[in-house]
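Undergrad: Dropping in query09.cif, with mmCIF, C-alpha atoms (C1' of nucleotides).
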```cif
data_start
#
loop_
_atom_site.group_PDB
_atom_site.id
_atom_site.type_symbol
_atom_site.label_atom_id
_atom_site.label_comp_id
_atom_site.auth_asym_id
_atom_site.auth_seq_id
_atom_site.Cartn_x
_atom_site.Cartn_y
_atom_site.Cartn_z
ATOM 1 C CA MET A 213 -14.394 3.366 -4.206
ATOM 2 C CA SER A 214 -12.528 0.128 -4.619
ATOM 3 C CA ARG A 215 -8.855 0.862 -4.626
ATOM 4 C CA SER A 216 -7.489 -2.504 -3.585
ATOM 5 C CA ALA A 217 -4.769 -4.072 -5.660
ATOM 6 C CA SER A 218 -5.721 -6.972 -7.833
ATOM 7 C CA ASN A 219 -5.341 -9.639 -5.229
ATOM 8 C CA SER A 220 -2.755 -11.488 -7.233
ATOM 9 C CA ASP A 221 -0.673 -8.428 -7.964
ATOM 10 C CA VAL A 222 2.921 -9.433 -7.629
ATOM 11 C CA PHE A 223 4.121 -5.819 -7.469
ATOM 12 C CA ASN A 224 1.873 -5.178 -4.544
ATOM 13 C CA ALA A 225 3.012 -8.377 -2.870
ATOM 14 C CA VAL A 226 6.687 -7.481 -3.038
ATOM 15 C CA ALA A 227 6.152 -3.868 -2.017
ATOM 16 C CA ASP A 228 6.091 -4.784 1.662
ATOM 17 C CA PRO A 229 9.532 -5.143 3.264
ATOM 18 C CA THR A 230 8.424 -7.952 5.557
ATOM 19 C CA ARG A 231 7.151 -9.913 2.593
ATOM 20 C CA ARG A 232 10.390 -9.358 0.711
ATOM 21 C CA ALA A 233 12.249 -10.558 3.793
ATOM 22 C CA ILE A 234 10.110 -13.708 3.831
ATOM 23 C CA LEU A 235 10.928 -14.357 0.184
ATOM 24 C CA ASP A 236 14.596 -13.716 0.858
ATOM 25 C CA ARG A 237 14.477 -16.132 3.755
ATOM 26 C CA LEU A 238 12.848 -18.779 1.583
ATOM 27 C CA ARG A 239 15.745 -18.661 -0.828
ATOM 28 C CA ARG A 240 17.608 -20.618 1.837
ATOM 29 C CA GLY A 241 14.977 -23.345 1.569
ATOM 30 C CA PRO A 242 11.425 -24.232 2.607
ATOM 31 C CA SER A 243 10.341 -23.407 6.121
ATOM 32 C CA PRO A 244 7.370 -24.086 8.396
ATOM 33 C CA VAL A 245 5.439 -21.042 9.530
ATOM 34 C CA ASN A 246 6.647 -20.948 13.138
ATOM 35 C CA GLU A 247 10.274 -21.065 12.173
ATOM 36 C CA LEU A 248 9.668 -18.380 9.621
ATOM 37 C CA ALA A 249 7.788 -16.214 12.091
ATOM 38 C CA SER A 250 10.502 -16.548 14.727
ATOM 39 C CA GLY A 251 12.761 -14.505 12.488
ATOM 40 C CA PHE A 252 10.490 -11.475 12.692
ATOM 41 C CA ARG A 253 9.389 -9.125 15.409
ATOM 42 C CA VAL A 254 5.744 -9.245 14.397
ATOM 43 C CA SER A 255 3.314 -11.886 15.580
ATOM 44 C CA ARG A 256 2.667 -15.197 13.871
ATOM 45 C CA PRO A 257 -0.815 -14.159 12.701
ATOM 46 C CA ALA A 258 0.774 -11.163 10.990
ATOM 47 C CA ILE A 259 3.128 -13.538 9.203
ATOM 48 C CA SER A 260 0.177 -15.748 8.287
ATOM 49 C CA LYS A 261 -1.435 -12.759 6.643
ATOM 50 C CA HIS A 262 1.707 -11.943 4.719
ATOM 51 C CA LEU A 263 1.956 -15.562 3.637
ATOM 52 C CA ARG A 264 -1.564 -15.427 2.363
ATOM 53 C CA VAL A 265 -0.736 -12.398 0.244
ATOM 54 C CA LEU A 266 2.343 -14.160 -1.115
ATOM 55 C CA ARG A 267 0.345 -17.320 -1.745
ATOM 56 C CA THR A 268 -2.382 -15.423 -3.553
ATOM 57 C CA ALA A 269 0.248 -13.786 -5.720
ATOM 58 C CA ARG A 270 1.657 -17.284 -6.304
ATOM 59 C CA LEU A 271 5.069 -16.228 -5.075
ATOM 60 C CA VAL A 272 5.118 -19.082 -2.573
ATOM 61 C CA ARG A 273 3.401 -22.404 -2.260
ATOM 62 C CA GLU A 274 2.386 -24.387 0.779
ATOM 63 C CA LYS A 275 3.103 -28.049 1.424
ATOM 64 C CA LYS A 276 1.337 -29.670 4.336
ATOM 65 C CA ASP A 277 3.351 -32.122 6.388
ATOM 66 C CA GLY A 278 1.595 -33.300 9.527
ATOM 67 C CA ARG A 279 0.612 -30.279 11.504
ATOM 68 C CA GLN A 280 3.282 -28.169 9.912
ATOM 69 C CA ARG A 281 2.934 -26.250 6.707
ATOM 70 C CA PHE A 282 6.106 -25.702 4.828
ATOM 71 C CA TYR A 283 6.276 -22.678 2.630
ATOM 72 C CA GLU A 284 8.562 -22.645 -0.322
ATOM 73 C CA LEU A 285 9.487 -20.251 -3.048
ATOM 74 C CA GLU A 286 7.520 -20.374 -6.278
ATOM 75 C CA PRO A 287 9.640 -17.869 -8.096
ATOM 76 C CA GLN A 288 8.146 -17.947 -11.571
ATOM 77 C CA ARG A 289 6.265 -14.749 -11.025
ATOM 78 C CA ILE A 290 9.264 -12.828 -9.792
ATOM 79 C CA GLN A 291 10.221 -13.093 -13.426
ATOM 80 C CA GLU A 292 7.397 -10.711 -14.204
ATOM 81 C CA VAL A 293 9.019 -8.115 -12.002
ATOM 82 C CA ALA A 294 12.375 -8.770 -13.621
ATOM 83 C CA LYS A 295 10.856 -8.452 -17.074
ATOM 84 C CA TRP A 296 9.113 -5.236 -16.211
ATOM 85 C CA ALA A 297 12.310 -3.727 -14.857
ATOM 86 C CA GLU A 298 14.314 -4.954 -17.850
ATOM 87 C CA GLN A 299 12.189 -2.818 -20.144
ATOM 88 C CA TYR A 300 14.017 0.136 -18.621
ATOM 89 C CA ARG A 301 17.471 -1.279 -19.099
ATOM 90 C CA GLU A 302 18.203 0.729 -22.231
ATOM 91 C CA PHE A 303 17.314 3.888 -20.328
ATOM 92 C CA TRP A 304 19.548 3.304 -17.387
ATOM 93 C CA GLN A 305 22.319 2.216 -19.702
ATOM 94 C CA ASN A 306 21.922 5.353 -21.787
ATOM 95 C CA ASN A 307 22.045 7.378 -18.621
ATOM 96 C CA ILE A 308 25.260 5.736 -17.538
ATOM 97 C CA ALA A 309 26.689 6.120 -21.026
ATOM 98 C CA SER A 310 25.858 9.816 -21.219
ATOM 99 C CA LEU A 311 27.184 10.411 -17.726
ATOM 100 C CA LYS A 312 30.404 8.729 -18.730
ATOM 101 C CA GLN A 313 30.587 10.748 -21.920
ATOM 102 C CA HIS A 314 29.927 13.896 -19.985
ATOM 103 C CA LEU A 315 32.733 13.112 -17.561
ATOM 104 C CA GLU A 316 35.099 12.376 -20.394
ATOM 105 C CA GLN A 317 34.295 15.664 -22.124
ATOM 106 C CA SER A 318 34.653 17.666 -18.922
ATOM 107 C CA PRO A 319 37.787 16.395 -17.198
ATOM 108 C CA GLU A 320 38.248 18.334 -13.972
ATOM 109 C CA GLU A 321 40.755 21.101 -14.703
ATOM 110 C CA MET B 57 2.438 2.889 15.009
ATOM 111 C CA SER B 58 4.327 4.174 12.023
ATOM 112 C CA ARG B 59 3.887 1.794 9.181
ATOM 113 C CA SER B 60 4.604 4.064 6.242
ATOM 114 C CA ALA B 61 7.099 2.955 3.670
ATOM 115 C CA SER B 62 10.442 4.619 3.685
ATOM 116 C CA ASN B 63 9.491 7.576 1.571
ATOM 117 C CA SER B 64 12.113 6.787 -1.006
ATOM 118 C CA ASP B 65 11.162 3.136 -1.280
ATOM 119 C CA VAL B 66 11.269 2.234 -4.922
ATOM 120 C CA PHE B 67 9.304 -0.982 -4.404
ATOM 121 C CA ASN B 68 6.508 0.944 -2.835
ATOM 122 C CA ALA B 69 6.634 3.507 -5.631
ATOM 123 C CA VAL B 70 6.230 0.934 -8.376
ATOM 124 C CA ALA B 71 3.564 -1.047 -6.540
ATOM 125 C CA ASP B 72 0.841 1.291 -7.738
ATOM 126 C CA PRO B 73 -0.454 0.556 -11.257
ATOM 127 C CA THR B 74 -1.032 4.219 -12.069
ATOM 128 C CA ARG B 75 2.548 5.015 -11.148
ATOM 129 C CA ARG B 76 3.827 2.148 -13.283
ATOM 130 C CA ALA B 77 1.698 3.459 -16.123
ATOM 131 C CA ILE B 78 3.279 6.891 -15.692
ATOM 132 C CA LEU B 79 6.744 5.365 -15.848
ATOM 133 C CA ASP B 80 5.755 3.352 -18.894
ATOM 134 C CA ARG B 81 4.441 6.503 -20.525
ATOM 135 C CA LEU B 82 7.681 8.327 -19.801
ATOM 136 C CA ARG B 83 9.635 5.722 -21.713
ATOM 137 C CA ARG B 84 8.262 7.426 -24.795
ATOM 138 C CA GLY B 85 9.909 10.660 -23.683
ATOM 139 C CA PRO B 86 9.535 13.552 -21.228
ATOM 140 C CA SER B 87 6.090 15.017 -20.727
ATOM 141 C CA PRO B 88 4.524 18.002 -18.987
ATOM 142 C CA VAL B 89 2.064 17.196 -16.213
ATOM 143 C CA ASN B 90 -1.141 18.089 -18.035
ATOM 144 C CA GLU B 91 -0.323 15.963 -21.017
ATOM 145 C CA LEU B 92 0.574 13.137 -18.706
ATOM 146 C CA ALA B 93 -2.593 13.556 -16.675
ATOM 147 C CA SER B 94 -4.786 13.607 -19.774
ATOM 148 C CA GLY B 95 -3.924 9.956 -20.304
ATOM 149 C CA PHE B 96 -5.549 8.929 -17.025
ATOM 150 C CA ARG B 97 -9.034 8.913 -15.655
ATOM 151 C CA VAL B 98 -8.013 10.390 -12.313
ATOM 152 C CA SER B 99 -7.677 14.100 -11.673
ATOM 153 C CA ARG B 100 -4.548 16.142 -12.190
ATOM 154 C CA PRO B 101 -3.926 16.584 -8.457
ATOM 155 C CA ALA B 102 -3.977 12.808 -8.107
ATOM 156 C CA ILE B 103 -1.308 12.614 -10.792
ATOM 157 C CA SER B 104 0.654 15.349 -9.013
ATOM 158 C CA LYS B 105 0.660 13.183 -5.910
ATOM 159 C CA HIS B 106 1.849 10.156 -7.816
ATOM 160 C CA LEU B 107 4.560 12.270 -9.407
ATOM 161 C CA ARG B 108 5.692 13.361 -5.995
ATOM 162 C CA VAL B 109 6.013 9.747 -4.891
ATOM 163 C CA LEU B 110 7.986 8.937 -8.026
ATOM 164 C CA ARG B 111 10.142 12.017 -7.549
ATOM 165 C CA THR B 112 10.848 11.154 -3.923
ATOM 166 C CA ALA B 113 11.850 7.664 -4.974
ATOM 167 C CA ARG B 114 14.062 9.330 -7.620
ATOM 168 C CA LEU B 115 12.383 7.386 -10.386
ATOM 169 C CA VAL B 116 11.617 10.588 -12.278
ATOM 170 C CA ARG B 117 13.038 14.057 -12.336
ATOM 171 C CA GLU B 118 11.393 17.381 -13.043
ATOM 172 C CA LYS B 119 12.647 20.036 -15.450
ATOM 173 C CA LYS B 120 10.958 23.415 -15.328
ATOM 174 C CA ASP B 121 10.356 25.133 -18.644
ATOM 175 C CA GLY B 122 8.264 28.271 -18.410
ATOM 176 C CA ARG B 123 5.077 27.369 -16.645
ATOM 177 C CA GLN B 124 5.348 23.774 -17.650
ATOM 178 C CA ARG B 125 7.170 21.115 -15.741
ATOM 179 C CA PHE B 126 8.462 18.277 -17.796
ATOM 180 C CA TYR B 127 8.862 14.973 -16.092
ATOM 181 C CA GLU B 128 11.369 12.492 -17.364
ATOM 182 C CA LEU B 129 12.528 9.056 -16.465
ATOM 183 C CA GLU B 130 15.430 8.728 -14.075
ATOM 184 C CA PRO B 131 15.703 4.999 -14.384
ATOM 185 C CA GLN B 132 18.799 4.260 -12.305
ATOM 186 C CA ARG B 133 16.768 3.043 -9.395
ATOM 187 C CA ILE B 134 14.681 0.653 -11.427
ATOM 188 C CA GLN B 135 17.948 -1.223 -11.555
ATOM 189 C CA GLU B 136 17.503 -1.940 -7.865
ATOM 190 C CA VAL B 137 14.271 -3.699 -8.627
ATOM 191 C CA ALA B 138 15.908 -5.611 -11.458
ATOM 192 C CA LYS B 139 18.796 -6.615 -9.211
ATOM 193 C CA TRP B 140 16.483 -7.763 -6.468
ATOM 194 C CA ALA B 141 14.472 -9.886 -8.880
ATOM 195 C CA GLU B 142 17.623 -11.277 -10.473
ATOM 196 C CA GLN B 143 18.588 -12.852 -7.150
ATOM 197 C CA TYR B 144 15.766 -15.280 -7.785
ATOM 198 C CA ARG B 145 16.792 -16.154 -11.285
ATOM 199 C CA GLU B 146 18.517 -19.390 -10.331
ATOM 200 C CA PHE B 147 15.333 -20.463 -8.592
ATOM 201 C CA TRP B 148 13.015 -19.850 -11.474
ATOM 202 C CA GLN B 149 15.508 -21.438 -13.830
ATOM 203 C CA ASN B 150 15.780 -24.482 -11.582
ATOM 204 C CA ASN B 151 12.036 -24.695 -11.540
ATOM 205 C CA ILE B 152 11.854 -24.603 -15.287
ATOM 206 C CA ALA B 153 14.706 -27.099 -15.504
ATOM 207 C CA SER B 154 13.068 -29.537 -13.109
ATOM 208 C CA LEU B 155 9.730 -29.166 -14.833
ATOM 209 C CA LYS B 156 11.408 -29.939 -18.122
ATOM 210 C CA GLN B 157 13.225 -32.889 -16.596
ATOM 211 C CA HIS B 158 9.983 -34.100 -15.136
ATOM 212 C CA LEU B 159 8.272 -33.893 -18.479
ATOM 213 C CA GLU B 160 11.119 -35.727 -20.154
ATOM 214 C CA GLN B 161 10.982 -38.529 -17.617
ATOM 215 C CA SER B 162 7.223 -38.841 -17.869
ATOM 216 C CA PRO B 163 6.420 -38.701 -21.561
ATOM 217 C CA GLU B 164 2.675 -38.927 -22.024
ATOM 218 C CA GLU B 165 1.761 -42.552 -22.729
ATOM 219 C "C1'" DC C 219 -0.813 45.014 -17.027
ATOM 220 C "C1'" DC C 220 -3.925 40.983 -16.318
ATOM 221 C "C1'" DA C 221 -6.672 37.051 -17.573
ATOM 222 C "C1'" DA C 222 -5.577 32.580 -18.531
ATOM 223 C "C1'" DT C 223 -2.719 28.586 -17.957
ATOM 224 C "C1'" DA C 224 0.304 25.107 -15.482
ATOM 225 C "C1'" DG C 225 0.726 22.699 -11.679
ATOM 226 C "C1'" DG C 226 1.571 22.126 -6.629
ATOM 227 C "C1'" DT C 227 -0.726 21.988 -1.942
ATOM 228 C "C1'" DA C 228 -4.401 21.762 1.761
ATOM 229 C "C1'" DA C 229 -8.156 19.717 3.732
ATOM 230 C "C1'" DC C 230 -10.935 16.201 3.707
ATOM 231 C "C1'" DC C 231 -12.891 11.355 3.059
ATOM 232 C "C1'" DA C 232 -13.570 6.355 2.491
ATOM 233 C "C1'" DA C 233 -11.126 2.214 1.631
ATOM 234 C "C1'" DT C 234 -7.167 -0.480 2.558
ATOM 235 C "C1'" DT C 235 -3.341 -2.068 5.242
ATOM 236 C "C1'" DG C 236 -0.697 -4.146 8.773
ATOM 237 C "C1'" DG C 237 -0.794 -5.044 13.207
ATOM 238 C "C1'" DT C 238 -2.922 -6.965 17.534
ATOM 239 C "C1'" DT C 239 -5.444 -10.499 20.699
ATOM 240 C "C1'" DA C 240 -8.754 -14.163 21.010
ATOM 241 C "C1'" DC C 241 -10.603 -18.139 19.031
ATOM 242 C "C1'" DT C 242 -10.853 -22.363 16.032
ATOM 243 C "C1'" DT C 243 -9.392 -26.505 13.751
ATOM 244 C "C1'" DA C 244 -6.298 -30.236 12.634
ATOM 245 C "C1'" DT C 245 -2.777 -33.268 13.997
ATOM 246 C "C1'" DT C 246 0.111 -35.906 16.965
ATOM 247 C "C1'" DA C 247 2.800 -37.292 21.310
ATOM 248 C "C1'" DG C 248 2.204 -39.880 25.294
ATOM 249 C "C1'" DC D 52 -8.218 -40.513 24.591
ATOM 250 C "C1'" DT D 53 -6.462 -35.935 25.452
ATOM 251 C "C1'" DA D 54 -3.274 -32.259 26.192
ATOM 252 C "C1'" DA D 55 -0.225 -29.792 23.487
ATOM 253 C "C1'" DT D 56 1.277 -27.918 19.153
ATOM 254 C "C1'" DA D 57 0.856 -25.745 14.415
ATOM 255 C "C1'" DA D 58 -1.227 -22.454 11.989
ATOM 256 C "C1'" DG D 59 -5.288 -20.164 9.894
ATOM 257 C "C1'" DT D 60 -9.240 -16.885 10.824
ATOM 258 C "C1'" DA D 61 -12.192 -13.247 13.130
ATOM 259 C "C1'" DA D 62 -12.799 -9.001 15.021
ATOM 260 C "C1'" DC D 63 -10.931 -4.984 15.886
ATOM 261 C "C1'" DC D 64 -7.928 -0.679 15.564
ATOM 262 C "C1'" DA D 65 -4.918 3.144 14.091
ATOM 263 C "C1'" DA D 66 -2.160 4.657 10.321
ATOM 264 C "C1'" DT D 67 -1.701 5.113 5.483
ATOM 265 C "C1'" DT D 68 -3.348 5.566 0.857
ATOM 266 C "C1'" DG D 69 -5.465 7.338 -3.181
ATOM 267 C "C1'" DG D 70 -8.852 10.016 -4.514
ATOM 268 C "C1'" DT D 71 -11.610 14.393 -4.498
ATOM 269 C "C1'" DT D 72 -12.543 19.679 -4.568
ATOM 270 C "C1'" DA D 73 -10.926 24.188 -3.451
ATOM 271 C "C1'" DC D 74 -7.251 27.150 -3.308
ATOM 272 C "C1'" DC D 75 -2.619 29.268 -4.172
ATOM 273 C "C1'" DT D 76 1.499 30.683 -6.829
ATOM 274 C "C1'" DA D 77 4.230 31.372 -10.861
ATOM 275 C "C1'" DT D 78 4.475 32.381 -15.621
ATOM 276 C "C1'" DT D 79 3.068 34.240 -19.991
ATOM 277 C "C1'" DG D 80 0.130 35.675 -24.264
ATOM 278 C "C1'" DG D 81 -2.099 39.676 -25.893
#
```
As a first step, turn the structure in this file into structure tokens.
TA:
Amino acid sequence: MSRSASNSDVFNAVADPTRRAILDRLRRGPSPVNELASGFRVSRPAISKHLRVLRTARLVREKKDGRQRFYELEPQRIQEVAKWAEQYREFWQNNIASLKQHLEQSPEE
Amino acid sequence: MSRSASNSDVFNAVADPTRRAILDRLRRGPSPVNELASGFRVSRPAISKHLRVLRTARLVREKKDGRQRFYELEPQRIQEVAKWAEQYREFWQNNIASLKQHLEQSPEE
DNA sequence: CCAATAGGTAACCAATTGGTTACTTATTAG
DNA sequence: CTAATAAGTAACCAATTGGTTACCTATTGG
């Protein structure tokens, strides 16, 4: 039974809080792995694994520089998440609208 | 070692393709469980489990009607996903901008 | 009333995940 | 040249996940 996510699944990649934290960190600019890892309580190999997932999902890219590897944001695919979520905009707006309407029609006392 | 996602984690909830498909289905309107389940190749109990995850994340709500339970979209929290992704907008726009600029500065031939 | 229907839950299983430590490879400082 | 540094990979492990079948409870058509 193969249940693994398509290995480039961006939704799967961003589901993990550590990986989201890495992405958030990279918004402040590119970073080599050690510096990145020092911000987390888990080991460097664990971060390496997360980076591989992010790389495979093409959410980050790697630039070699000497013995360091800088990771930087490659945010194109976060757009896919944004687009997916946007499809629901009309629904959450309707909900807010009907809540508002409801409140207006039932003023307390 | 407890590694489970916060049980109301919306990112975790939408990471699963079946759960996203359920949400997508519910954009067409509320649906009882059996009707919902008939659209998938997995068993009804599997769908029940997914619905529980979605319910816990408050992405759907349940309305009892006789022996049926209608599930409907409660899309407020998808906004959180949209907001998170939007934080990266400037980055993907910059990327597109710099790609464009690059192309303009290096016209082929 | 009661058989059928709707749907949640329990128990179980195999695959996946996220972490660890140990090892390996590439690069550079001295 | 060589010790030290940067970072990926291997092997392993326990917890979690997503699925299954079997069962249970609530509701209703006849």
Undergrad: Pairing every C-alpha atom in order, fit chain A onto chain B and give me the RMSD in Å.
TA: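 Across all paired C-alpha atoms, the RMSD is 0.1 Å.
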Undergrad: Residues of chain B within 12 Å of chain A: nearest atom pair and distance (Å, one decimal) for each, counting only C-alpha atoms, sorted by chain and number, as a Markdown table?
TA:
```
| residue | atom | partner | partner_atom | distance |
| --- | --- | --- | --- | --- |
| B:Arg59 | CA | A:Asp228 | CA | 10.2 |
| B:Ser60 | CA | A:Asp228 | CA | 10.1 |
| B:Ala61 | CA | A:Asp228 | CA | 8.1 |
| B:Ser62 | CA | A:Pro229 | CA | 9.8 |
| B:Asp65 | CA | A:Ala227 | CA | 8.6 |
| B:Val66 | CA | A:Ala227 | CA | 8.5 |
| B:Phe67 | CA | A:Ala227 | CA | 4.9 |
| B:Asn68 | CA | A:Ala227 | CA | 4.9 |
| B:Ala69 | CA | A:Ala227 | CA | 8.2 |
| B:Val70 | CA | A:Phe223 | CA | 7.1 |
| B:Ala71 | CA | A:Asn224 | CA | 4.9 |
| B:Asp72 | CA | A:Asn224 | CA | 7.3 |
| B:Pro73 | CA | A:Ala217 | CA | 8.4 |
| B:Thr74 | CA | A:Ala217 | CA | 11.1 |
| B:Arg75 | CA | A:Phe223 | CA | 11.5 |
| B:Arg76 | CA | A:Trp296 | CA | 9.5 |
| B:Ala77 | CA | A:Trp296 | CA | 11.4 |
| B:Leu79 | CA | A:Tyr300 | CA | 9.4 |
| B:Asp80 | CA | A:Tyr300 | CA | 8.9 |
| B:Arg81 | CA | A:Tyr300 | CA | 11.7 |
| B:Leu82 | CA | A:Tyr300 | CA | 10.4 |
| B:Arg83 | CA | A:Tyr300 | CA | 7.7 |
| B:Arg84 | CA | A:Phe303 | CA | 10.7 |
| B:Gly85 | CA | A:Phe303 | CA | 10.6 |
| B:Leu115 | CA | A:Trp304 | CA | 10.8 |
| B:Val116 | CA | A:Trp304 | CA | 11.9 |
| B:Glu128 | CA | A:Phe303 | CA | 10.9 |
| B:Leu129 | CA | A:Phe303 | CA | 8.0 |
| B:Glu130 | CA | A:Trp304 | CA | 7.6 |
| B:Pro131 | CA | A:Trp304 | CA | 5.2 |
| B:Gln132 | CA | A:Trp304 | CA | 5.2 |
| B:Arg133 | CA | A:Trp304 | CA | 8.5 |
| B:Ile134 | CA | A:Ala297 | CA | 6.0 |
| B:Gln135 | CA | A:Ala297 | CA | 7.0 |
| B:Glu136 | CA | A:Ala297 | CA | 8.9 |
| B:Val137 | CA | A:Ala297 | CA | 6.5 |
| B:Ala138 | CA | A:Ala294 | CA | 5.2 |
| B:Lys139 | CA | A:Ala294 | CA | 8.1 |
| B:Trp140 | CA | A:Ala294 | CA | 8.3 |
| B:Ala141 | CA | A:Ala294 | CA | 5.3 |
| B:Glu142 | CA | A:Ala294 | CA | 6.6 |
| B:Gln143 | CA | A:Asp236 | CA | 9.0 |
| B:Tyr144 | CA | A:Pro287 | CA | 6.7 |
| B:Arg145 | CA | A:Gln291 | CA | 7.6 |
| B:Glu146 | CA | A:Pro287 | CA | 9.3 |
| B:Phe147 | CA | A:Pro287 | CA | 6.3 |
| B:Trp148 | CA | A:Pro287 | CA | 5.2 |
| B:Gln149 | CA | A:Gln288 | CA | 8.5 |
| B:Asn150 | CA | A:Pro287 | CA | 9.7 |
| B:Asn151 | CA | A:Gln288 | CA | 7.8 |
| B:Ile152 | CA | A:Gln288 | CA | 8.5 |
| B:Ala153 | CA | A:Gln288 | CA | 11.9 |
| B:Leu155 | CA | A:Gln288 | CA | 11.8 |
```
Undergrad: Could you please select, counting only C-alpha atoms (C1' of nucleotides), the residues of chain D within 7 Å of chain B and state them as a PyMOL selection string?
TA: chain D and resi 66-67+70+78
Undergrad: Those same residues - C-alpha atoms (C1' of nucleotides) - I'd like them written as a tab-separated table (two decimals), in the coordinates of the input.
TA:
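Result file follows (part_1.tsv):
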```
chain	number	residue	atom	x	y	z
D	66	DA	C1'	-2.16	4.66	10.32
D	67	DT	C1'	-1.70	5.11	5.48
D	70	DG	C1'	-8.85	10.02	-4.51
D	78	DT	C1'	4.47	32.38	-15.62
```
Undergrad: I'd like the neighbourhood of segment 73-77 of chain D as a list in words, where a residue qualifies if any of its atoms comes within 10 Å (using only C-alpha atoms (C1' of nucleotides)), though same-chain residues fewer than 2 positions away should be ignored.
TA: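 In the requested form, the answer reads Gly122 and Arg123 of chain B; DA224, DG225, DG226, DT227, DA228 and DA229 of chain C; DT71 and DT79 of chain D.
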Undergrad: If the PyMOL selection byres ((chain C) within 12 of (chain A)) were run on this exact file, what residues would it hold? Put them as JSON, numbers by chain.
TA: {"C": [231, 232, 233, 234, 235, 236, 237, 238, 239, 240, 243, 244, 245, 246]}
Undergrad: List as a ChimeraX atom specification the residues having at least one atom at most 6 Å from position (7.8, 18.5, -19.8) as given in the file, counting only C-alpha atoms (C1' of nucleotides).
TA: /B:86-88,125-127
Undergrad: For the structure provided, state which residues fall under the PyMOL selection byres ((chain C and resi 247) around 10), and present them as a PDB file with C-alpha atoms (C1' of nucleotides), keeping the file's coordinate frame.
TA:
```pdb
ATOM      1  C1'  DT C 246       0.111 -35.906  16.965  1.00  0.00           C
ATOM      2  C1'  DG C 248       2.204 -39.880  25.294  1.00  0.00           C
TER       3       DG C 248
ATOM      4  C1'  DA D  54      -3.274 -32.259  26.192  1.00  0.00           C
ATOM      5  C1'  DA D  55      -0.225 -29.792  23.487  1.00  0.00           C
ATOM      6  C1'  DT D  56       1.277 -27.918  19.153  1.00  0.00           C
TER       7       DT D  56
END
```
Undergrad: With distances taken over only C-alpha atoms (C1' of nucleotides), which residue among A:Arg264, A:Ile234, A:Gly251, A:Val245 lies nearest DT60 of chain D?
TA: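 Result for the nearest residue to DT60 of chain D: A:Arg264.
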Undergrad: Considering only C-alpha atoms (C1' of nucleotides), return as a PyMOL selection string whatever protein or nucleic-acid residues lie within 12 Å of DC219 of chain C, sequence-local ones (same chain, fewer than 2 positions apart) excluded.
TA: (chain C and resi 221) or (chain D and resi 79-81)
